[in-house]
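Single-structure report; data block below.
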Amino acid sequence: MNFRRLFLILTPYTWLLVFFLVPFAIVFKIALSDYAISIPPYTPQLDLSAGWEGVKSFFGELDFENFTFLASDALYYSAYLSSLKIAAIATLITLLVGYPVAYGMAQSSDEWRPTLMMLVILPFWTSFLIRVYAWIGILSNEGFLNQALMGIGLIDSPLTILNTNIAVYVGIVYTYLPFMVLPIYSALEKLDGSLIEAAEDLGCSRAQAFWLVTIPLSKPGIIAGCFLVFIPALGEFVIPSLLGGSSTLMIGKVLFEEFFSNRDWPVASAVAVVLLLILIIPIILFQRNEQKQREAGL
Amino acid sequence: MAQPANRPVFAPWTDPNEKPLIQFKNVTKKFGEFTAIDDMTLNIYRKEFFALLGPSGCGKTTLMRMLAGFETPTKGTILLDGVDLAPIPPNKRATNMMFQSYALFPHLSVWDNIAFGLKRSDMPKEKIPARVEEMLRLVRLEKFAKRKPHQISGGQRQRVALARSLAKAPKLLLLDEPLGALDKKLRQDTQFELMDIQEKTGTTFVIVTHDQEEAMTVASRVAVMDHGKMIQVDTPDRIYETPNSVYVADFIGDVNIIEGTASAKGDGKVSIAWAEGQPEISATLANGVALGTKVHFAIRPEKVAISSDRPEGKANVIEGTVHDIAYLGNISTYKVEVAGGRMIKAQVANDRRIARRDISWDDKVWLSFTDTAGVVLLN
């Protein structure tokens, strides 16, 4: 094996090692440690000056206590569950909103497509944080939405949307919509129009042709889009903490509080490790979907 | 080819009592300012293999898409079996189409592709498998039923598309450039296969093609189109032997076209003055022609004989020099320069080995043909 090839192969592995595996090992080690009032706020610390005895006592003090603690307290359990539920529902809503958008883009004439594509990507030009903040101005009791609804006489008193789960859904759907639209659009754009005509020619109504041909052929895009929304939404912290209320329970928020309010780094690390384990399953499924698509030559 | 005397000739278009399957009545189709089909009237009969032939953009695909229901005429009516097609959507028509791209569903197996239309029809569920098997046998693809379209060859995909469009036993099958994606050898085999299948199923076929050889091979009648108009609708042999215009003569096969001024000689004969100092071409024209009319004389290269000695007893003899020889294996085409720098092509079957050919470049030769070999065209 020549040096050039070795270098090419080693680069991604080194990257993974330095920026993923080593940090993960550190977090995992903290998860196995105990809380302590010190800097950093956990024990044991690896003391190499004590030699072999130091290493032995270091490993002797590591345990899975924090993980048992997570299992014993219903807060964590229900936070994970509630995160999964919120992420799943938000993904479904994003799909229902994103699919028609992508379909409309794919159906539009060639001259319009770049413009529409631009409009979908445009929000990325503003900071994510600012855009989520802006929703406070829209959704609050005195916000634009309530003012508009009251202005046209649809409601008498303002609706409470901000600081509820509804606001969290609005935030997630809004933020992650482009991640849903783009893969579905790219699948629909490749769709040969004569397939729909063939389906109609063979006796399908428009709706049947859509259901039997368009949907199955855009499936890889749907799956990719759903994972791209579901995975980050599961660990979302900014949206629930800015738009959600006190009753909104999401694991990202719990993680933040353990780290910065309680300063209990070991428990926070254990929460992060479990979150990662939960995410590994959809990530593997996502990779398999991508691989299958490549193999099918689509 | 001579037909046996007792065999009835298939020619429903000559029988005034025969009811056409498809009737185009003054159909016009416009896309904005562009006229794709211009006031067309056309009858297609049951069990015909009807070819629409023309260059791209002549309107042949538009005509087919109107039959399938993907386009609606701007003016005029199309009748299928006496019923106006206009209000019937594509999924309710008794027509099926084989697409140029085949349009096979990539997510479905060969079997499911063929069953697709049957499942949408009122055929009872338990009868579908038998029909699919029958179609697979017809196109000899029984072994490939479980494969996906991307796992079979182009020729096999073409046959799946054919089986799928025939599965619902349509009254009319539309084929849009069905063999365009196949290589030449496979295309020729498939042409004969198509004719076989058409005969076996008794379905009326309308085929769109820009390949004149393909149209001539498969069709019972050929319609030559240009700019949204039918130029000539006739049997392949009549299209070839008696084209009605310079356009048709030039579009189908190889042809020599000589411009000249005609004068009638009586009893259906005309003579055409085409170059000064040259004997006039003697030809036949049933209706006669006014003296001094500008005409085109069209003659196929294979009907022009070439010899190194002046032939005797031929109606037309023209002197010239061999300019070019194209050797095509089975035949050779001689390009002969005659009076006024005009080129006339003569084609000779190579029934002798090439070494013994007695005509070479720059030889003085004589071209000859009978007075019935060519056609006189007025437009």
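Identifiers in this document derive from the order of the structure tokens: chains are assigned A, B, ..., residues are numbered from 1 separately in each chain, and ligands are numbered from 1 in order of occurrence.
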
Can you pull out the residues contacting Gln158 (chain B)? Cut-off 12 Å, using only C-alpha atoms, and skip same-chain residues under 4 positions away; I want them as an mmCIF file with N, CA and C atoms, in the first residue's frame.
data_model
loop_
_atom_site.group_PDB
_atom_site.id
_atom_site.type_symbol
_atom_site.label_atom_id
_atom_site.label_comp_id
_atom_site.auth_asym_id
_atom_site.auth_seq_id
_atom_site.Cartn_x
_atom_site.Cartn_y
_atom_site.Cartn_z
ATOM 1 N N MET B 98 -47.835 2.398 -25.677
ATOM 2 C CA MET B 98 -46.489 1.976 -25.321
ATOM 3 C C MET B 98 -45.595 3.184 -25.529
ATOM 4 N N PHE B 99 -44.962 3.611 -24.433
ATOM 5 C CA PHE B 99 -44.241 4.877 -24.468
ATOM 6 C C PHE B 99 -42.842 4.714 -25.056
ATOM 7 N N GLN B 100 -42.362 5.807 -25.599
ATOM 8 C CA GLN B 100 -41.034 5.796 -26.206
ATOM 9 C C GLN B 100 -39.964 5.420 -25.170
ATOM 10 N N SER B 101 -40.126 5.956 -23.947
ATOM 11 C CA SER B 101 -39.170 5.643 -22.879
ATOM 12 C C SER B 101 -39.558 4.344 -22.171
ATOM 13 N N TYR B 102 -40.592 3.677 -22.650
ATOM 14 C CA TYR B 102 -41.213 2.471 -22.076
ATOM 15 C C TYR B 102 -42.003 2.787 -20.815
ATOM 16 N N ALA B 103 -41.537 3.777 -20.018
ATOM 17 C CA ALA B 103 -42.256 4.182 -18.800
ATOM 18 C C ALA B 103 -42.624 2.994 -17.922
ATOM 19 N N LEU B 104 -41.711 2.055 -17.773
ATOM 20 C CA LEU B 104 -41.946 0.951 -16.841
ATOM 21 C C LEU B 104 -41.798 1.482 -15.422
ATOM 22 N N VAL B 110 -41.396 -7.059 -13.128
ATOM 23 C CA VAL B 110 -41.963 -7.257 -14.465
ATOM 24 C C VAL B 110 -43.409 -7.732 -14.352
ATOM 25 N N VAL B 139 -44.577 -12.556 -24.999
ATOM 26 C CA VAL B 139 -43.330 -11.829 -25.271
ATOM 27 C C VAL B 139 -42.104 -12.627 -24.806
ATOM 28 N N ARG B 140 -42.311 -13.893 -24.477
ATOM 29 C CA ARG B 140 -41.236 -14.822 -24.092
ATOM 30 C C ARG B 140 -40.373 -14.270 -22.957
ATOM 31 N N LEU B 141 -41.036 -13.890 -21.864
ATOM 32 C CA LEU B 141 -40.295 -13.355 -20.716
ATOM 33 C C LEU B 141 -40.660 -14.075 -19.420
ATOM 34 N N PRO B 149 -37.318 -3.725 -13.522
ATOM 35 C CA PRO B 149 -36.947 -3.232 -14.862
ATOM 36 C C PRO B 149 -35.453 -2.945 -15.044
ATOM 37 N N ILE B 152 -33.075 -5.965 -16.289
ATOM 38 C CA ILE B 152 -33.200 -6.659 -17.570
ATOM 39 C C ILE B 152 -32.672 -5.763 -18.687
ATOM 40 N N SER B 153 -32.453 -6.345 -19.866
ATOM 41 C CA SER B 153 -31.842 -5.589 -20.972
ATOM 42 C C SER B 153 -32.862 -4.677 -21.654
ATOM 43 N N GLY B 154 -32.361 -3.805 -22.506
ATOM 44 C CA GLY B 154 -33.225 -2.856 -23.212
ATOM 45 C C GLY B 154 -34.281 -3.559 -24.058
ATOM 46 N N LEU B 162 -44.477 -3.686 -24.066
ATOM 47 C CA LEU B 162 -45.468 -4.159 -25.040
ATOM 48 C C LEU B 162 -46.502 -5.049 -24.344
ATOM 49 N N ALA B 163 -46.012 -5.970 -23.504
ATOM 50 C CA ALA B 163 -46.916 -6.878 -22.791
ATOM 51 C C ALA B 163 -47.850 -6.093 -21.885
ATOM 52 N N ARG B 164 -47.302 -5.081 -21.199
ATOM 53 C CA ARG B 164 -48.117 -4.299 -20.283
ATOM 54 C C ARG B 164 -49.223 -3.555 -21.034
ATOM 55 N N SER B 165 -48.876 -3.017 -22.226
ATOM 56 C CA SER B 165 -49.884 -2.246 -22.949
ATOM 57 C C SER B 165 -50.909 -3.150 -23.627
ATOM 58 N N LEU B 175 -48.242 2.960 -30.312
ATOM 59 C CA LEU B 175 -46.821 2.718 -30.075
ATOM 60 C C LEU B 175 -46.027 3.947 -30.491
ATOM 61 N N ASP B 176 -45.383 4.567 -29.495
ATOM 62 C CA ASP B 176 -44.627 5.791 -29.762
ATOM 63 C C ASP B 176 -43.149 5.441 -29.931
ATOM 64 N N GLU B 177 -42.667 5.481 -31.151
ATOM 65 C CA GLU B 177 -41.269 5.127 -31.454
ATOM 66 C C GLU B 177 -40.841 3.907 -30.644
ATOM 67 N N PRO B 178 -41.531 2.772 -30.795
ATOM 68 C CA PRO B 178 -41.311 1.661 -29.856
ATOM 69 C C PRO B 178 -39.917 1.049 -29.951
ATOM 70 N N LEU B 179 -39.285 1.185 -31.105
ATOM 71 C CA LEU B 179 -38.018 0.484 -31.282
ATOM 72 C C LEU B 179 -36.844 1.450 -31.321
ATOM 73 N N GLY B 180 -37.129 2.703 -31.020
ATOM 74 C CA GLY B 180 -36.102 3.739 -31.159
ATOM 75 C C GLY B 180 -34.850 3.483 -30.347
ATOM 76 N N ALA B 181 -35.012 2.852 -29.165
ATOM 77 C CA ALA B 181 -33.866 2.702 -28.266
ATOM 78 C C ALA B 181 -33.082 1.416 -28.524
ATOM 79 N N LEU B 182 -33.510 0.620 -29.512
ATOM 80 C CA LEU B 182 -32.830 -0.657 -29.741
ATOM 81 C C LEU B 182 -31.794 -0.525 -30.862
ATOM 82 N N LEU B 186 -31.379 -5.845 -33.436
ATOM 83 C CA LEU B 186 -32.482 -6.163 -32.527
ATOM 84 C C LEU B 186 -33.773 -5.515 -33.025
ATOM 85 N N ARG B 187 -33.633 -4.320 -33.595
ATOM 86 C CA ARG B 187 -34.799 -3.598 -34.081
ATOM 87 C C ARG B 187 -35.469 -4.368 -35.204
ATOM 88 N N THR B 190 -37.237 -7.338 -33.834
ATOM 89 C CA THR B 190 -38.417 -6.936 -33.076
ATOM 90 C C THR B 190 -39.548 -6.490 -34.000
ATOM 91 N N GLN B 191 -39.182 -5.912 -35.145
ATOM 92 C CA GLN B 191 -40.216 -5.503 -36.102
ATOM 93 C C GLN B 191 -41.069 -6.699 -36.514
ATOM 94 N N GLU B 193 -41.369 -9.467 -34.865
ATOM 95 C CA GLU B 193 -42.069 -9.934 -33.681
ATOM 96 C C GLU B 193 -43.347 -9.112 -33.451
ATOM 97 N N LEU B 194 -43.213 -7.794 -33.640
ATOM 98 C CA LEU B 194 -44.374 -6.905 -33.485
ATOM 99 C C LEU B 194 -45.480 -7.306 -34.449
#

Report as a Markdown table: every residue of chain B with an atom at most 9 Å from chain A, its closest pair of atoms, and their distance in Å to one decimal, counting only C-alpha atoms, with rows sorted by chain and ascending residue number.
| residue | atom | partner | partner_atom | distance |
| --- | --- | --- | --- | --- |
| B:Ala68 | CA | A:Asp201 | CA | 7.1 |
| B:Gly69 | CA | A:Asp201 | CA | 8.3 |
| B:Phe70 | CA | A:Glu197 | CA | 7.7 |
| B:Pro89 | CA | A:Glu200 | CA | 8.8 |
| B:Pro90 | CA | A:Asp201 | CA | 5.5 |
| B:Asn91 | CA | A:Gly203 | CA | 4.0 |
| B:Lys92 | CA | A:Gly203 | CA | 6.3 |
| B:Arg93 | CA | A:Asp201 | CA | 7.9 |
| B:Thr95 | CA | A:Asp201 | CA | 7.7 |
| B:Asn96 | CA | A:Asp201 | CA | 6.0 |
| B:Met97 | CA | A:Asp201 | CA | 6.8 |
| B:Met98 | CA | A:Ala198 | CA | 8.1 |
| B:Phe99 | CA | A:Ser194 | CA | 7.5 |
| B:Ser101 | CA | A:Ser194 | CA | 7.8 |
| B:Tyr102 | CA | A:Ser194 | CA | 8.5 |
| B:Ala103 | CA | A:Leu195 | CA | 5.0 |
| B:Leu104 | CA | A:Leu195 | CA | 6.9 |
| B:Phe105 | CA | A:Leu195 | CA | 6.7 |
| B:Pro106 | CA | A:Leu217 | CA | 8.0 |
| B:His107 | CA | A:Leu217 | CA | 6.9 |
| B:Phe116 | CA | A:Leu202 | CA | 7.2 |
| B:Gly117 | CA | A:Leu202 | CA | 4.5 |
| B:Leu118 | CA | A:Leu202 | CA | 8.0 |
| B:Lys119 | CA | A:Gly203 | CA | 8.8 |
| B:Arg120 | CA | A:Gly203 | CA | 5.6 |
| B:Ser121 | CA | A:Gly203 | CA | 6.8 |
| B:His150 | CA | A:Ala296 | CA | 8.3 |
| B:Arg164 | CA | A:Leu202 | CA | 8.6 |
| B:Ser165 | CA | A:Leu202 | CA | 7.6 |
| B:Lys168 | CA | A:Leu202 | CA | 8.1 |

Checklist entry - So which residues of region 51-289 of chain A fall under alpha helix (DSSP H) by DSSP, listed as a PyMOL selection string? => result chain A and resi 52-61+65-72+74-107+113-121+128-139+144-151+165-189+193-201+206-209+215-217+219-234+238-243+251-256+265-289

Checklist entry - Which polymer residues have any atom within 8 Å of an atom of region 125-130 of chain A, counting only C-alpha atoms, with same-chain residues fewer than 4 positions away left out, as a list in words? => result Ile121, Ala134, Thr175 and Val238 of chain A

Would you output that residue set with N, CA and C atoms, as a PDB file, in the first residue's frame?
ATOM      1  N   ILE A 121     -34.122  27.938   0.747  1.00  0.00           N
ATOM      2  CA  ILE A 121     -32.826  27.998   1.439  1.00  0.00           C
ATOM      3  C   ILE A 121     -32.628  29.348   2.140  1.00  0.00           C
ATOM      4  N   ALA A 134     -37.762  35.299  16.786  1.00  0.00           N
ATOM      5  CA  ALA A 134     -38.793  36.042  16.054  1.00  0.00           C
ATOM      6  C   ALA A 134     -40.169  35.417  16.252  1.00  0.00           C
ATOM      7  N   THR A 175     -38.257  25.373  11.509  1.00  0.00           N
ATOM      8  CA  THR A 175     -36.805  25.309  11.408  1.00  0.00           C
ATOM      9  C   THR A 175     -36.332  24.213  10.462  1.00  0.00           C
ATOM     10  N   VAL A 238     -32.789  24.481  21.909  1.00  0.00           N
ATOM     11  CA  VAL A 238     -33.110  25.902  21.763  1.00  0.00           C
ATOM     12  C   VAL A 238     -34.619  26.124  21.616  1.00  0.00           C
TER      13      VAL A 238
END

Item to check | Within 12 Å of Leu279 (chain A) using only C-alpha atoms, minus same-chain residues under 2 positions, as a PyMOL selection string | outcome: chain A and resi 80+83-84+87+227-228+230-235+272-277+281-286

Would you output that residue set with C-alpha atoms, as a short mmCIF file (atom, residue, chain, number, x, y, z; two decimals), in the first residue's frame?
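So selection_31.cif came out as:
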data_model
loop_
_atom_site.label_atom_id
_atom_site.label_comp_id
_atom_site.auth_asym_id
_atom_site.auth_seq_id
_atom_site.Cartn_x
_atom_site.Cartn_y
_atom_site.Cartn_z
CA TYR A 80 -36.81 10.72 26.67
CA SER A 83 -38.81 13.93 23.26
CA LEU A 84 -39.41 10.91 21.06
CA ALA A 87 -39.87 14.65 17.51
CA PHE A 227 -34.54 11.27 9.42
CA LEU A 228 -32.99 14.65 8.72
CA PHE A 230 -36.29 13.52 13.40
CA ILE A 231 -32.64 13.12 14.45
CA PRO A 232 -31.87 16.78 15.31
CA ALA A 233 -35.42 17.38 16.63
CA LEU A 234 -34.99 14.60 19.19
CA GLY A 235 -32.12 16.36 20.95
CA ALA A 272 -26.03 12.49 26.68
CA VAL A 273 -24.69 8.94 26.30
CA VAL A 274 -28.18 7.44 26.45
CA LEU A 275 -29.47 10.05 23.97
CA LEU A 276 -26.69 9.07 21.59
CA LEU A 277 -27.56 5.39 21.95
CA ILE A 281 -30.77 3.32 15.66
CA PRO A 282 -32.36 5.93 13.36
CA ILE A 283 -28.92 7.01 12.12
CA ILE A 284 -28.09 3.43 11.09
CA LEU A 285 -31.51 3.09 9.42
CA PHE A 286 -30.89 6.37 7.59
#

Item to check | All residues 10 Å or closer to region 90-107 of chain A, only C-alpha atoms, same chain fewer than 5 positions away omitted, as a PyMOL selection string | outcome: chain A and resi 84-85+112-117+120+166+168-191+193+214-215+218+221-223+225-231+233-234

How about saving the chosen residues, N, CA and C atoms kept, as a compact mmCIF listing (two decimals), in the first residue's frame?
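Everything below was put into selection32.txt:
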# COMPACT_ATOMS: atom_id res chain seq x y z
N LEU A 84 -39.14 11.78 22.20
CA LEU A 84 -39.41 10.91 21.06
C LEU A 84 -40.77 11.25 20.46
N LYS A 85 -41.75 11.49 21.35
CA LYS A 85 -43.11 11.77 20.88
C LYS A 85 -43.14 13.09 20.13
N TRP A 112 -38.90 28.73 -13.00
CA TRP A 112 -39.24 29.09 -11.62
C TRP A 112 -38.44 28.31 -10.58
N ARG A 113 -37.99 27.12 -10.96
CA ARG A 113 -37.36 26.24 -9.97
C ARG A 113 -36.20 26.86 -9.19
N PRO A 114 -35.23 27.50 -9.87
CA PRO A 114 -34.12 28.07 -9.08
C PRO A 114 -34.60 29.10 -8.06
N THR A 115 -35.61 29.89 -8.44
CA THR A 115 -36.16 30.90 -7.52
C THR A 115 -36.79 30.24 -6.31
N LEU A 116 -37.60 29.21 -6.56
CA LEU A 116 -38.27 28.51 -5.46
C LEU A 116 -37.26 27.85 -4.54
N MET A 117 -36.26 27.24 -5.15
CA MET A 117 -35.18 26.60 -4.39
C MET A 117 -34.51 27.63 -3.48
N VAL A 120 -36.52 28.48 -0.45
CA VAL A 120 -36.49 27.45 0.59
C VAL A 120 -35.21 27.59 1.42
N ILE A 166 -47.53 23.40 21.38
CA ILE A 166 -47.88 23.84 20.02
C ILE A 166 -46.80 24.74 19.47
N VAL A 168 -43.72 24.70 20.31
CA VAL A 168 -42.55 23.87 20.03
C VAL A 168 -42.69 23.21 18.64
N TYR A 169 -43.89 22.68 18.37
CA TYR A 169 -44.12 22.08 17.05
C TYR A 169 -43.94 23.11 15.95
N VAL A 170 -44.52 24.28 16.15
CA VAL A 170 -44.39 25.35 15.14
C VAL A 170 -42.91 25.62 14.90
N GLY A 171 -42.14 25.74 15.99
CA GLY A 171 -40.72 26.03 15.87
C GLY A 171 -39.96 24.95 15.14
N ILE A 172 -40.23 23.69 15.49
CA ILE A 172 -39.49 22.58 14.85
C ILE A 172 -39.86 22.49 13.37
N VAL A 173 -41.17 22.54 13.08
CA VAL A 173 -41.60 22.44 11.68
C VAL A 173 -40.98 23.57 10.87
N TYR A 174 -41.04 24.79 11.42
CA TYR A 174 -40.49 25.93 10.70
C TYR A 174 -38.99 25.75 10.46
N THR A 175 -38.26 25.37 11.51
CA THR A 175 -36.81 25.31 11.41
C THR A 175 -36.33 24.21 10.46
N TYR A 176 -36.98 23.05 10.55
CA TYR A 176 -36.46 21.90 9.81
C TYR A 176 -37.15 21.66 8.47
N LEU A 177 -38.10 22.53 8.10
CA LEU A 177 -38.82 22.32 6.84
C LEU A 177 -37.90 22.15 5.62
N PRO A 178 -36.86 23.01 5.47
CA PRO A 178 -35.99 22.82 4.30
C PRO A 178 -35.34 21.44 4.25
N PHE A 179 -35.04 20.84 5.41
CA PHE A 179 -34.41 19.52 5.41
C PHE A 179 -35.37 18.44 4.92
N MET A 180 -36.67 18.73 5.03
CA MET A 180 -37.67 17.81 4.52
C MET A 180 -37.91 18.08 3.04
N VAL A 181 -38.01 19.34 2.69
CA VAL A 181 -38.38 19.71 1.31
C VAL A 181 -37.29 19.29 0.32
N LEU A 182 -36.04 19.56 0.65
CA LEU A 182 -34.98 19.36 -0.34
C LEU A 182 -34.81 17.89 -0.79
N PRO A 183 -34.71 16.91 0.13
CA PRO A 183 -34.58 15.53 -0.38
C PRO A 183 -35.82 15.05 -1.13
N ILE A 184 -37.02 15.46 -0.69
CA ILE A 184 -38.23 15.03 -1.40
C ILE A 184 -38.26 15.67 -2.79
N TYR A 185 -37.90 16.95 -2.84
CA TYR A 185 -37.86 17.64 -4.14
C TYR A 185 -36.90 16.94 -5.09
N SER A 186 -35.73 16.57 -4.56
CA SER A 186 -34.75 15.96 -5.46
C SER A 186 -35.24 14.61 -5.96
N ALA A 187 -36.03 13.88 -5.15
CA ALA A 187 -36.60 12.61 -5.61
C ALA A 187 -37.70 12.86 -6.65
N LEU A 188 -38.54 13.85 -6.41
CA LEU A 188 -39.66 14.13 -7.32
C LEU A 188 -39.19 14.72 -8.63
N GLU A 189 -38.10 15.49 -8.55
CA GLU A 189 -37.61 16.15 -9.76
C GLU A 189 -37.11 15.12 -10.77
N LYS A 190 -36.57 14.00 -10.26
CA LYS A 190 -36.04 12.96 -11.15
C LYS A 190 -37.15 12.13 -11.76
N LEU A 191 -38.36 12.23 -11.21
CA LEU A 191 -39.47 11.38 -11.65
C LEU A 191 -39.84 11.68 -13.11
N GLY A 193 -42.09 12.08 -16.10
CA GLY A 193 -43.51 12.40 -16.25
C GLY A 193 -44.29 11.35 -17.00
N THR A 214 -46.24 8.10 -7.80
CA THR A 214 -45.46 9.23 -7.29
C THR A 214 -44.94 8.97 -5.88
N ILE A 215 -45.84 8.53 -4.98
CA ILE A 215 -45.43 8.31 -3.58
C ILE A 215 -44.36 7.22 -3.48
N SER A 218 -41.03 8.47 -4.62
CA SER A 218 -40.38 9.53 -3.85
C SER A 218 -40.07 9.03 -2.44
N GLY A 221 -36.73 9.86 -0.82
CA GLY A 221 -36.69 11.25 -0.40
C GLY A 221 -37.47 11.47 0.89
N ILE A 222 -38.61 10.80 1.00
CA ILE A 222 -39.43 10.93 2.22
C ILE A 222 -38.65 10.40 3.42
N ILE A 223 -38.03 9.23 3.26
CA ILE A 223 -37.29 8.61 4.37
C ILE A 223 -36.12 9.51 4.76
N GLY A 225 -35.74 12.72 4.29
CA GLY A 225 -36.24 13.94 4.90
C GLY A 225 -36.69 13.72 6.34
N CYS A 226 -37.38 12.60 6.59
CA CYS A 226 -37.88 12.31 7.93
C CYS A 226 -36.73 12.14 8.92
N PHE A 227 -35.68 11.43 8.51
CA PHE A 227 -34.54 11.27 9.42
C PHE A 227 -33.83 12.59 9.65
N LEU A 228 -33.69 13.38 8.58
CA LEU A 228 -32.99 14.65 8.72
C LEU A 228 -33.73 15.60 9.67
N VAL A 229 -35.04 15.39 9.82
CA VAL A 229 -35.81 16.21 10.75
C VAL A 229 -35.84 15.54 12.13
N PHE A 230 -36.10 14.23 12.14
CA PHE A 230 -36.29 13.52 13.40
C PHE A 230 -35.03 13.54 14.27
N ILE A 231 -33.87 13.26 13.66
CA ILE A 231 -32.64 13.12 14.45
C ILE A 231 -32.29 14.42 15.19
N ALA A 233 -34.28 16.95 15.81
CA ALA A 233 -35.42 17.38 16.63
C ALA A 233 -35.44 16.66 17.97
N LEU A 234 -34.97 15.40 17.97
CA LEU A 234 -34.99 14.60 19.19
C LEU A 234 -34.14 15.25 20.29

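Omitting Ser33 (chain A) and its sequence neighbours fewer than 4 positions away, and counting only C-alpha atoms, the residues within 8 Å are Lys29, Tyr42, Thr43, Pro44, Glu61, Leu62, Asp63 and Pro266 of chain A.
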
Selection to disk with C-alpha atoms, as an mmCIF file, in the first residue's frame:
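To be explicit, this is the file written out as selection_24.cif:
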data_model
loop_
_atom_site.group_PDB
_atom_site.id
_atom_site.type_symbol
_atom_site.label_atom_id
_atom_site.label_comp_id
_atom_site.auth_asym_id
_atom_site.auth_seq_id
_atom_site.Cartn_x
_atom_site.Cartn_y
_atom_site.Cartn_z
ATOM 1 C CA LYS A 29 -15.746 8.571 31.293
ATOM 2 C CA TYR A 42 -16.331 15.164 39.254
ATOM 3 C CA THR A 43 -14.035 12.419 40.612
ATOM 4 C CA PRO A 44 -11.913 10.426 40.085
ATOM 5 C CA GLU A 61 -13.761 4.121 41.150
ATOM 6 C CA LEU A 62 -15.669 4.189 37.838
ATOM 7 C CA ASP A 63 -19.151 2.706 37.931
ATOM 8 C CA PRO A 266 -21.652 12.972 35.534
#

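CA of Ser368 (chain B) lies 17.7 Å from CA of Gly260 (chain B).
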
Sorted by chain and rising residue number, which residues of region 82-177 of chain B lie within 8 Å of region 195-219 of chain B, and what are their closest atom pairs and distances in Å to one decimal, counting only C-alpha atoms, as a Markdown table?
| residue | atom | partner | partner_atom | distance |
| --- | --- | --- | --- | --- |
| B:Leu138 | CA | B:Ile197 | CA | 7.6 |
| B:Ala169 | CA | B:Thr203 | CA | 7.6 |
| B:Pro170 | CA | B:Thr203 | CA | 7.2 |
| B:Lys171 | CA | B:Thr203 | CA | 6.2 |
| B:Leu172 | CA | B:Thr204 | CA | 5.0 |
| B:Leu173 | CA | B:Phe205 | CA | 4.9 |
| B:Leu174 | CA | B:Val206 | CA | 5.0 |
| B:Leu175 | CA | B:Ile207 | CA | 4.6 |
| B:Asp176 | CA | B:Val208 | CA | 5.0 |
| B:Glu177 | CA | B:Thr209 | CA | 5.0 |

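Distance-wise, CA of Asp156 (chain A) and CA of Trp135 (chain A) end up 21.7 Å apart.
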
Next on the checklist: Could you tell me how far CA of Thr284 (chain B) sits from CA of Asp371 (chain B), in Å to one decimal place?
Outcome noted: 6.4 Å

Next on the checklist: Can you pull out the residues contacting region 298-313 of chain B? Cut-off 10 Å, using only C-alpha atoms, and skip same-chain residues under 3 positions away; I want them as a PyMOL selection string.
Outcome noted: chain B and resi 240-243+245-246+249-250+253-259+295+316-320+322+331-336+344-349+358-360+363-370+372-377
